[in-house]
Every structure is written in C-alpha cells, then in structure tokens.
Amino acid sequence: MTFSGLKPGLYLVLGESAEKDGTVYDPMPFLVSLPGLDETDDWVYDVTSKVKYDKHAIPSKEMTERKVIKIWKDEGQENSRPKEISVQLLCDGKVYDTVSLSADNDWRYTWEELDADCRWQIVEKDVPEGYTVSASFEGSTFVLTNTCKTPEPAVPSETSPGNTPDKPSRLPYTGMLWTPVIFLALGGMLLFLIGWFRHSRWNRKS
C-alpha cells in the first residue's frame with residue numbers, strides 16, 4: 001500500500017486482516033517517521049516499511065446433522081393418508097429449508113453439514129385433515145407422528161319408525177312392582193276398618 005502527500009510527522013499504521021488458504025493474517029501496528037533515515041543516516045521522504053503479520057488458522061465451524069422421520073398411526077385408515085407432506089427445518093426460529101416426505105423417500109430425510117451453534121426445530125407445514133401431529137427429538141432425529149382421529153360413534157335417533165324404545169316398568173323406591181303394594185295398602189285399610197268397627201261396638205255396649 002502506498003501513501004503520498006503526507007506531511008512530516010510520526011504516523012501509526014494500522015492494517016486490516018486478510019484470509020488466504022485457510023490462514024488469517026493480522027497486521028501488527030507500527031510507527032513510521034516522515035521523513036525517515038535511510039541506510040546512510042540521511043533524511044529521506046520516500047519511506048518504505050515492512051509489515052509484520054500475526055498468523056493463525058481459520059477455526060472450522062462445528063457441524064452437525066438432523067434427521068426427520070414420519071410415523072403414521074392409522075391402522076385400517078391408510079387410504080386417508082396424503083401422498084406427501086411438507087416439513088420445514090427452522091434455524092433459531094427462521095425457516096432454513098422445506099422438504100417433502102412421501103413413500104418415495106420412505107417418509108424420512110437427512111440434513112447434513114448444519115451449524116451446530118444453531119437451535120434446530122422441525123414443523124409439519126400442513127397437518128392432514130383427520131389427523132393430529134406430535135413431535136419428539138431423539139439424539140439428532142426428529143420423529144413426527146400423525147395419528148388418525150377416532151370417529152365418534154353414531155348416536156341412534158330417539159324416535160324412528162319401527163324402532164320405538166320399550167318403556168320401562170315404573171318401580172317404587174324399594175325396587176318392587178306396584179301391584180303388591182296396592183294389595184298391601186288395601187289389606188291395611190281393611191284391617192283398620194275392622195278394628196274401628198269392633199271398637200265402636202264395644203263402646204256402645206259399655
């Protein structure tokens with residue numbers, strides 16, 4: 001680097017780092033006097049300086065990988081599955097990549113050479129209708145499980161032609177039928193009347 005038109009004085013020279021072949025070169029600051037002395041101790045204004053560098057290798061990023069596997073829990077309802085689903089890989093909450101999972105790739109995918117310092121997450125973009133989705137993380141693998149919703153049982157209508165529900169027999173609180181209770185009540189009344197009649201005759205005689 002060349003500078004011109006400088007006034008006499010003492011200058012502090014700072015440089016910028018440079019990278020080459022996997023190595024970082026950091027220039028070390030130095031002072032330059034203008035004018036300067038040459039090899040014969042004469043003052044000169046054309047000064048040349050050699051820069052010293054501090055060298056160190058570029059640190060390699062720690063890399064990782066992430067896998068995703070789709071599991072279906074829909075025994076007997078396999079025909080309800082979509083042909084493919086879309087899965088998004090998130091890096092620190094932002095979409096990094098979107099892939100499609102299907103029977104062609106065995107419902108799985110692997111991302112390689114990912115930044116290990118990133119917080120990786122997985123999202124199923126559109127959950128198929130009639131399914132619920134749950135996610136778990138095992139080692140470096142995301143497991144997405146789609147479970148088919150169980151259909152609700154049909155409720156029979158209250159009144160339908162030819163299917164009139166039988167009315168239950170009306171029971172007293174004791175659990176017995178009403179007929180014995182009626183006879184017991186009549187018998188009690190008859191005994192009461194006989195007793196009252198005898199009592200009245202006894203009073204008339206006395």
# chains A, B, ... in the order shown; residues from 1 in each chain; ligands from 1
call {"tool": "select_by_dssp", "arguments": {"residues": "region 7-110 of chain A", "states": "strand (DSSP E)", "output": "PyMOL selection string"}}
result
chain A and resi 9-13+18-20+23-27+30-34+36-37+43-44+53-57+63-73+84-91+94-102+108-110
call {"tool": "residues_around", "arguments": {"residues": "Val127 (chain A)", "least_positions_apart": "5", "cutoff": "10 Å", "atoms": "only C-alpha atoms", "output": "ChimeraX atom specification"}}
result
/A:82,85-87,132-133,146
call {"tool": "residues_around", "arguments": {"residues": "Ser80 (chain A)", "least_positions_apart": "2", "cutoff": "12 Å", "atoms": "only C-alpha atoms", "output": "PyMOL selection string"}}
result
chain A and resi 72-78+82-84+128-131+146-149
call {"tool": "residues_around", "arguments": {"residues": "Ser136 (chain A)", "least_positions_apart": "3", "cutoff": "12 Å", "atoms": "only C-alpha atoms", "output": "NGL selection string"}}
result
:A and (67-71 or 121-123 or 133 or 139-146)
call {"tool": "write_last_selection", "arguments": {"atoms": "N, CA and C atoms", "output": "JSON list (two decimals), in the first residue's frame"}}
result
[["chain", "number", "residue", "atom", "x", "y", "z"],
["A", 67, "LYS", "N", -32.13, -35.33, 11.29],
["A", 67, "LYS", "CA", -32.96, -36.25, 10.52],
["A", 67, "LYS", "C", -34.42, -36.05, 10.91],
["A", 68, "VAL", "N", -35.30, -36.37, 10.01],
["A", 68, "VAL", "CA", -36.73, -36.36, 10.32],
["A", 68, "VAL", "C", -37.34, -37.65, 9.80],
["A", 69, "ILE", "N", -38.21, -38.25, 10.62],
["A", 69, "ILE", "CA", -38.90, -39.48, 10.26],
["A", 69, "ILE", "C", -40.39, -39.28, 10.53],
["A", 70, "LYS", "N", -41.20, -39.67, 9.56],
["A", 70, "LYS", "CA", -42.65, -39.59, 9.71],
["A", 70, "LYS", "C", -43.20, -40.97, 10.07],
["A", 71, "ILE", "N", -44.00, -41.02, 11.13],
["A", 71, "ILE", "CA", -44.65, -42.25, 11.57],
["A", 71, "ILE", "C", -46.16, -42.05, 11.50],
["A", 121, "GLN", "N", -35.16, -26.77, 14.84],
["A", 121, "GLN", "CA", -36.51, -27.25, 15.16],
["A", 121, "GLN", "C", -37.18, -27.75, 13.88],
["A", 122, "ILE", "N", -38.27, -28.50, 14.04],
["A", 122, "ILE", "CA", -38.97, -29.07, 12.90],
["A", 122, "ILE", "C", -40.46, -28.74, 13.01],
["A", 123, "VAL", "N", -41.09, -28.46, 11.87],
["A", 123, "VAL", "CA", -42.50, -28.13, 11.84],
["A", 123, "VAL", "C", -43.14, -28.82, 10.64],
["A", 133, "VAL", "N", -50.93, -34.30, 15.11],
["A", 133, "VAL", "CA", -49.49, -34.49, 14.96],
["A", 133, "VAL", "C", -48.81, -34.23, 16.30],
["A", 139, "GLY", "N", -31.85, -37.95, 20.05],
["A", 139, "GLY", "CA", -30.49, -37.82, 19.51],
["A", 139, "GLY", "C", -30.43, -36.68, 18.51],
["A", 140, "SER", "N", -30.25, -37.00, 17.25],
["A", 140, "SER", "CA", -30.26, -35.98, 16.19],
["A", 140, "SER", "C", -31.46, -36.15, 15.27],
["A", 141, "THR", "N", -32.44, -36.95, 15.71],
["A", 141, "THR", "CA", -33.58, -37.29, 14.86],
["A", 141, "THR", "C", -34.88, -36.72, 15.41],
["A", 142, "PHE", "N", -35.60, -36.04, 14.53],
["A", 142, "PHE", "CA", -36.96, -35.59, 14.86],
["A", 142, "PHE", "C", -37.94, -36.68, 14.41],
["A", 143, "VAL", "N", -38.86, -37.03, 15.28],
["A", 143, "VAL", "CA", -39.89, -38.02, 14.96],
["A", 143, "VAL", "C", -41.23, -37.30, 14.95],
["A", 144, "LEU", "N", -41.87, -37.27, 13.78],
["A", 144, "LEU", "CA", -43.20, -36.68, 13.64],
["A", 144, "LEU", "C", -44.21, -37.82, 13.54],
["A", 145, "THR", "N", -45.17, -37.84, 14.45],
["A", 145, "THR", "CA", -46.17, -38.90, 14.47],
["A", 145, "THR", "C", -47.54, -38.32, 14.15],
["A", 146, "ASN", "N", -48.15, -38.84, 13.10],
["A", 146, "ASN", "CA", -49.50, -38.44, 12.72],
["A", 146, "ASN", "C", -50.47, -39.55, 13.13]]
call {"tool": "closest_residue", "arguments": {"among": "A:Glu138, A:Glu124, A:Asp21, A:Asp115", "to": "Glu65 (chain A)", "atoms": "only C-alpha atoms"}}
result
A:Asp115
call {"tool": "residues_around", "arguments": {"residues": "Tyr109 (chain A)", "least_positions_apart": "2", "cutoff": "9 Å", "atoms": "only C-alpha atoms", "output": "ChimeraX atom specification"}}
result
/A:66-69,99-101,105-107,111
